[in-house]
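S.K.: Sharing a structure with you now.
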Amino acid sequence: MENQHRAKRCRYGYAFLIAERMLYAHPKQQLQFYNRGVNGNAIPRLQARWQTDTLDLHPDLLSILIGVNDYGRTGPDAYETNYAALLDATRQALPNTKLVIMEPYVLKNLPTFQRIRDTAARMAKRVNATFVPLQDMFD
């Protein structure tokens, strides 16, 4: 993990769980994991810190879970426009980085949230990323 403070802050999220399993399974590979997720962020805030928090790290693999907060703050149209711009910039700066797009989810699935979920799936296809559907697990 990047540092102990960051690891403690996110020790129950999916990023921490994946890092923990990979480090245990491959102790000699000197893997590094960075969790730059910030609870409560929508895409505009993510875009503001994307260069330093993500692109400058030149990751081999990058997973993104964003959209839940965009639903109530920016709306589906802005979410799609901003997500496309973020992913296009990422592909341009990091053409060899493997992308994993996590489906945004809500604990009680709302029919109106479907547009956000559909957009995330479309964005994954657009940039040839692995898409991880999460909503069905919570439903």
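A note on labels: chains of the structure tokens are A, B, ... as shown, every chain counts residues from 1, and ligands are counted from 1 in their shown order.
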Considering only C-alpha atoms, return as JSON, numbers by chain whatever protein or nucleic-acid residues lie within 10 Å of segment 119-134 of chain A, sequence-local ones (same chain, fewer than 5 positions apart) excluded.
M.R.: {"A": [62, 63, 64, 65, 66, 67, 76, 77, 79, 80, 81, 83, 84, 87, 88, 90, 91, 95, 97, 98, 99, 100, 101, 102, 103, 104, 105, 106, 114, 139]}
S.K.: I need the residue nearest Ile116 of chain A from this list: A:Asn39, A:Gln29, A:Gln92, A:Thr74. Use only C-alpha atoms for the distance.
M.R.: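 Result for the nearest residue to Ile116 of chain A: A:Thr74.
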S.K.: Which residue, A:Gln135, A:Gln47, A:Thr52, A:Asn35, has the smallest gap to Ala85 of chain A when you use only C-alpha atoms?
M.R.: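 Among the listed residues, the smallest separation from Ala85 of chain A belongs to A:Gln47.
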S.K.: Give the answer as one residue: which of A:Leu107, A:Ala15, A:Met137, A:Leu23 has the shortest atom-to-atom distance to Gly37 of chain A, using only C-alpha atoms?
M.R.: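 Looking at the shortest contact to Gly37 of chain A, the residue is A:Ala15.
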S.K.: Pick the closest to Arg45 of chain A from A:Asp136, A:Asp70, A:Leu110, A:Phe16: which is it, counting only C-alpha atoms?
M.R.: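 Of the candidates, the smallest distance to Arg45 of chain A is held by A:Asp70.
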S.K.: In terms of the shortest atom-to-atom distance over only C-alpha atoms, which of A:Gly72, A:Leu94, A:Gln30, A:Met22 is closest to Thr54 of chain A?
M.R.: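 Of A:Gly72, A:Leu94, A:Gln30, A:Met22, the one nearest Thr54 of chain A, counting only C-alpha atoms, is A:Leu94.
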S.K.: Go through A:Gly13, A:Ile18, A:Leu46, A:Asp118 and flag the residue nearest Asn82 of chain A, using only C-alpha atoms for the distances.
M.R.: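 Of A:Gly13, A:Ile18, A:Leu46, A:Asp118, the one nearest Asn82 of chain A is A:Leu46, counting only C-alpha atoms.
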S.K.: Name the residues of segment 25-110 of chain A that come out as helix (DSSP H, G or I) in a backbone DSSP run; write them as a PyMOL selection string.
M.R.: chain A and resi 25+43-53+55-57+68-73+75-93
S.K.: Output N, CA and C atoms for every residue in the selection just made, as a tab-separated table (two decimals), in the first residue's frame.
M.R.:
```tsv
chain	number	residue	atom	x	y	z
A	25	ALA	N	-0.64	-13.58	-2.29
A	25	ALA	CA	-0.43	-14.62	-3.30
A	25	ALA	C	0.90	-14.48	-4.04
A	43	ILE	N	-17.48	12.83	-10.79
A	43	ILE	CA	-16.43	12.91	-11.82
A	43	ILE	C	-15.74	14.28	-11.90
A	44	PRO	N	-16.42	15.41	-11.77
A	44	PRO	CA	-15.68	16.68	-11.84
A	44	PRO	C	-14.55	16.78	-10.82
A	45	ARG	N	-14.75	16.30	-9.61
A	45	ARG	CA	-13.68	16.33	-8.60
A	45	ARG	C	-12.59	15.32	-8.94
A	46	LEU	N	-12.99	14.18	-9.46
A	46	LEU	CA	-12.02	13.18	-9.88
A	46	LEU	C	-11.16	13.72	-11.01
A	47	GLN	N	-11.78	14.39	-11.97
A	47	GLN	CA	-11.02	14.97	-13.09
A	47	GLN	C	-9.99	15.99	-12.60
A	48	ALA	N	-10.34	16.74	-11.58
A	48	ALA	CA	-9.44	17.78	-11.07
A	48	ALA	C	-8.15	17.20	-10.49
A	49	ARG	N	-8.19	15.98	-10.01
A	49	ARG	CA	-7.00	15.38	-9.41
A	49	ARG	C	-6.46	14.20	-10.21
A	50	TRP	N	-7.04	13.93	-11.37
A	50	TRP	CA	-6.70	12.76	-12.17
A	50	TRP	C	-5.23	12.71	-12.59
A	51	GLN	N	-4.68	13.82	-13.01
A	51	GLN	CA	-3.29	13.84	-13.48
A	51	GLN	C	-2.34	13.38	-12.38
A	52	THR	N	-2.41	14.02	-11.21
A	52	THR	CA	-1.46	13.68	-10.15
A	52	THR	C	-1.80	12.38	-9.43
A	53	ASP	N	-3.08	12.11	-9.24
A	53	ASP	CA	-3.47	10.92	-8.50
A	53	ASP	C	-3.45	9.64	-9.34
A	55	LEU	N	-2.65	9.50	-13.54
A	55	LEU	CA	-1.80	9.45	-14.74
A	55	LEU	C	-0.32	9.51	-14.42
A	56	ASP	N	0.06	10.34	-13.46
A	56	ASP	CA	1.48	10.47	-13.11
A	56	ASP	C	2.07	9.20	-12.50
A	57	LEU	N	1.22	8.29	-12.03
A	57	LEU	CA	1.70	7.03	-11.44
A	57	LEU	C	2.02	5.98	-12.50
A	68	VAL	N	-21.93	6.90	-8.54
A	68	VAL	CA	-23.01	6.98	-7.56
A	68	VAL	C	-23.28	8.43	-7.20
A	69	ASN	N	-22.26	9.19	-6.94
A	69	ASN	CA	-22.45	10.60	-6.55
A	69	ASN	C	-22.81	11.49	-7.73
A	70	ASP	N	-22.46	11.08	-8.92
A	70	ASP	CA	-22.85	11.85	-10.11
A	70	ASP	C	-24.35	11.81	-10.32
A	71	TYR	N	-24.97	10.73	-9.91
A	71	TYR	CA	-26.41	10.56	-10.09
A	71	TYR	C	-27.18	11.74	-9.46
A	72	GLY	N	-26.83	12.09	-8.25
A	72	GLY	CA	-27.54	13.15	-7.56
A	72	GLY	C	-26.97	14.54	-7.76
A	73	ARG	N	-25.76	14.64	-8.29
A	73	ARG	CA	-25.11	15.95	-8.38
A	73	ARG	C	-25.01	16.49	-9.79
A	75	GLY	N	-25.91	14.56	-12.81
A	75	GLY	CA	-26.89	13.99	-13.73
A	75	GLY	C	-26.26	13.08	-14.76
A	76	PRO	N	-27.08	12.25	-15.40
A	76	PRO	CA	-26.57	11.24	-16.33
A	76	PRO	C	-25.88	11.80	-17.56
A	77	ASP	N	-26.36	12.93	-18.10
A	77	ASP	CA	-25.73	13.48	-19.31
A	77	ASP	C	-24.33	13.99	-19.02
A	78	ALA	N	-24.18	14.74	-17.95
A	78	ALA	CA	-22.86	15.25	-17.58
A	78	ALA	C	-21.93	14.10	-17.19
A	79	TYR	N	-22.48	13.10	-16.52
A	79	TYR	CA	-21.69	11.92	-16.16
A	79	TYR	C	-21.09	11.29	-17.41
A	80	GLU	N	-21.90	11.08	-18.41
A	80	GLU	CA	-21.42	10.45	-19.64
A	80	GLU	C	-20.36	11.31	-20.33
A	81	THR	N	-20.62	12.59	-20.47
A	81	THR	CA	-19.68	13.50	-21.13
A	81	THR	C	-18.35	13.54	-20.38
A	82	ASN	N	-18.42	13.69	-19.06
A	82	ASN	CA	-17.20	13.78	-18.25
A	82	ASN	C	-16.45	12.46	-18.18
A	83	TYR	N	-17.17	11.37	-18.10
A	83	TYR	CA	-16.52	10.05	-18.04
A	83	TYR	C	-15.81	9.76	-19.36
A	84	ALA	N	-16.45	10.07	-20.46
A	84	ALA	CA	-15.82	9.86	-21.77
A	84	ALA	C	-14.54	10.67	-21.88
A	85	ALA	N	-14.57	11.92	-21.45
A	85	ALA	CA	-13.37	12.77	-21.51
A	85	ALA	C	-12.26	12.21	-20.62
A	86	LEU	N	-12.63	11.77	-19.42
A	86	LEU	CA	-11.65	11.21	-18.50
A	86	LEU	C	-10.99	9.95	-19.08
A	87	LEU	N	-11.81	9.09	-19.63
A	87	LEU	CA	-11.27	7.84	-20.19
A	87	LEU	C	-10.49	8.06	-21.47
A	88	ASP	N	-10.92	9.00	-22.30
A	88	ASP	CA	-10.15	9.33	-23.51
A	88	ASP	C	-8.78	9.87	-23.14
A	89	ALA	N	-8.73	10.75	-22.15
A	89	ALA	CA	-7.44	11.30	-21.70
A	89	ALA	C	-6.56	10.19	-21.11
A	90	THR	N	-7.18	9.25	-20.42
A	90	THR	CA	-6.44	8.15	-19.83
A	90	THR	C	-5.85	7.25	-20.91
A	91	ARG	N	-6.65	6.90	-21.89
A	91	ARG	CA	-6.16	6.06	-22.99
A	91	ARG	C	-5.04	6.75	-23.76
A	92	GLN	N	-5.15	8.06	-23.93
A	92	GLN	CA	-4.10	8.79	-24.65
A	92	GLN	C	-2.80	8.81	-23.84
A	93	ALA	N	-2.90	9.05	-22.54
A	93	ALA	CA	-1.71	9.14	-21.70
A	93	ALA	C	-1.14	7.76	-21.34
```
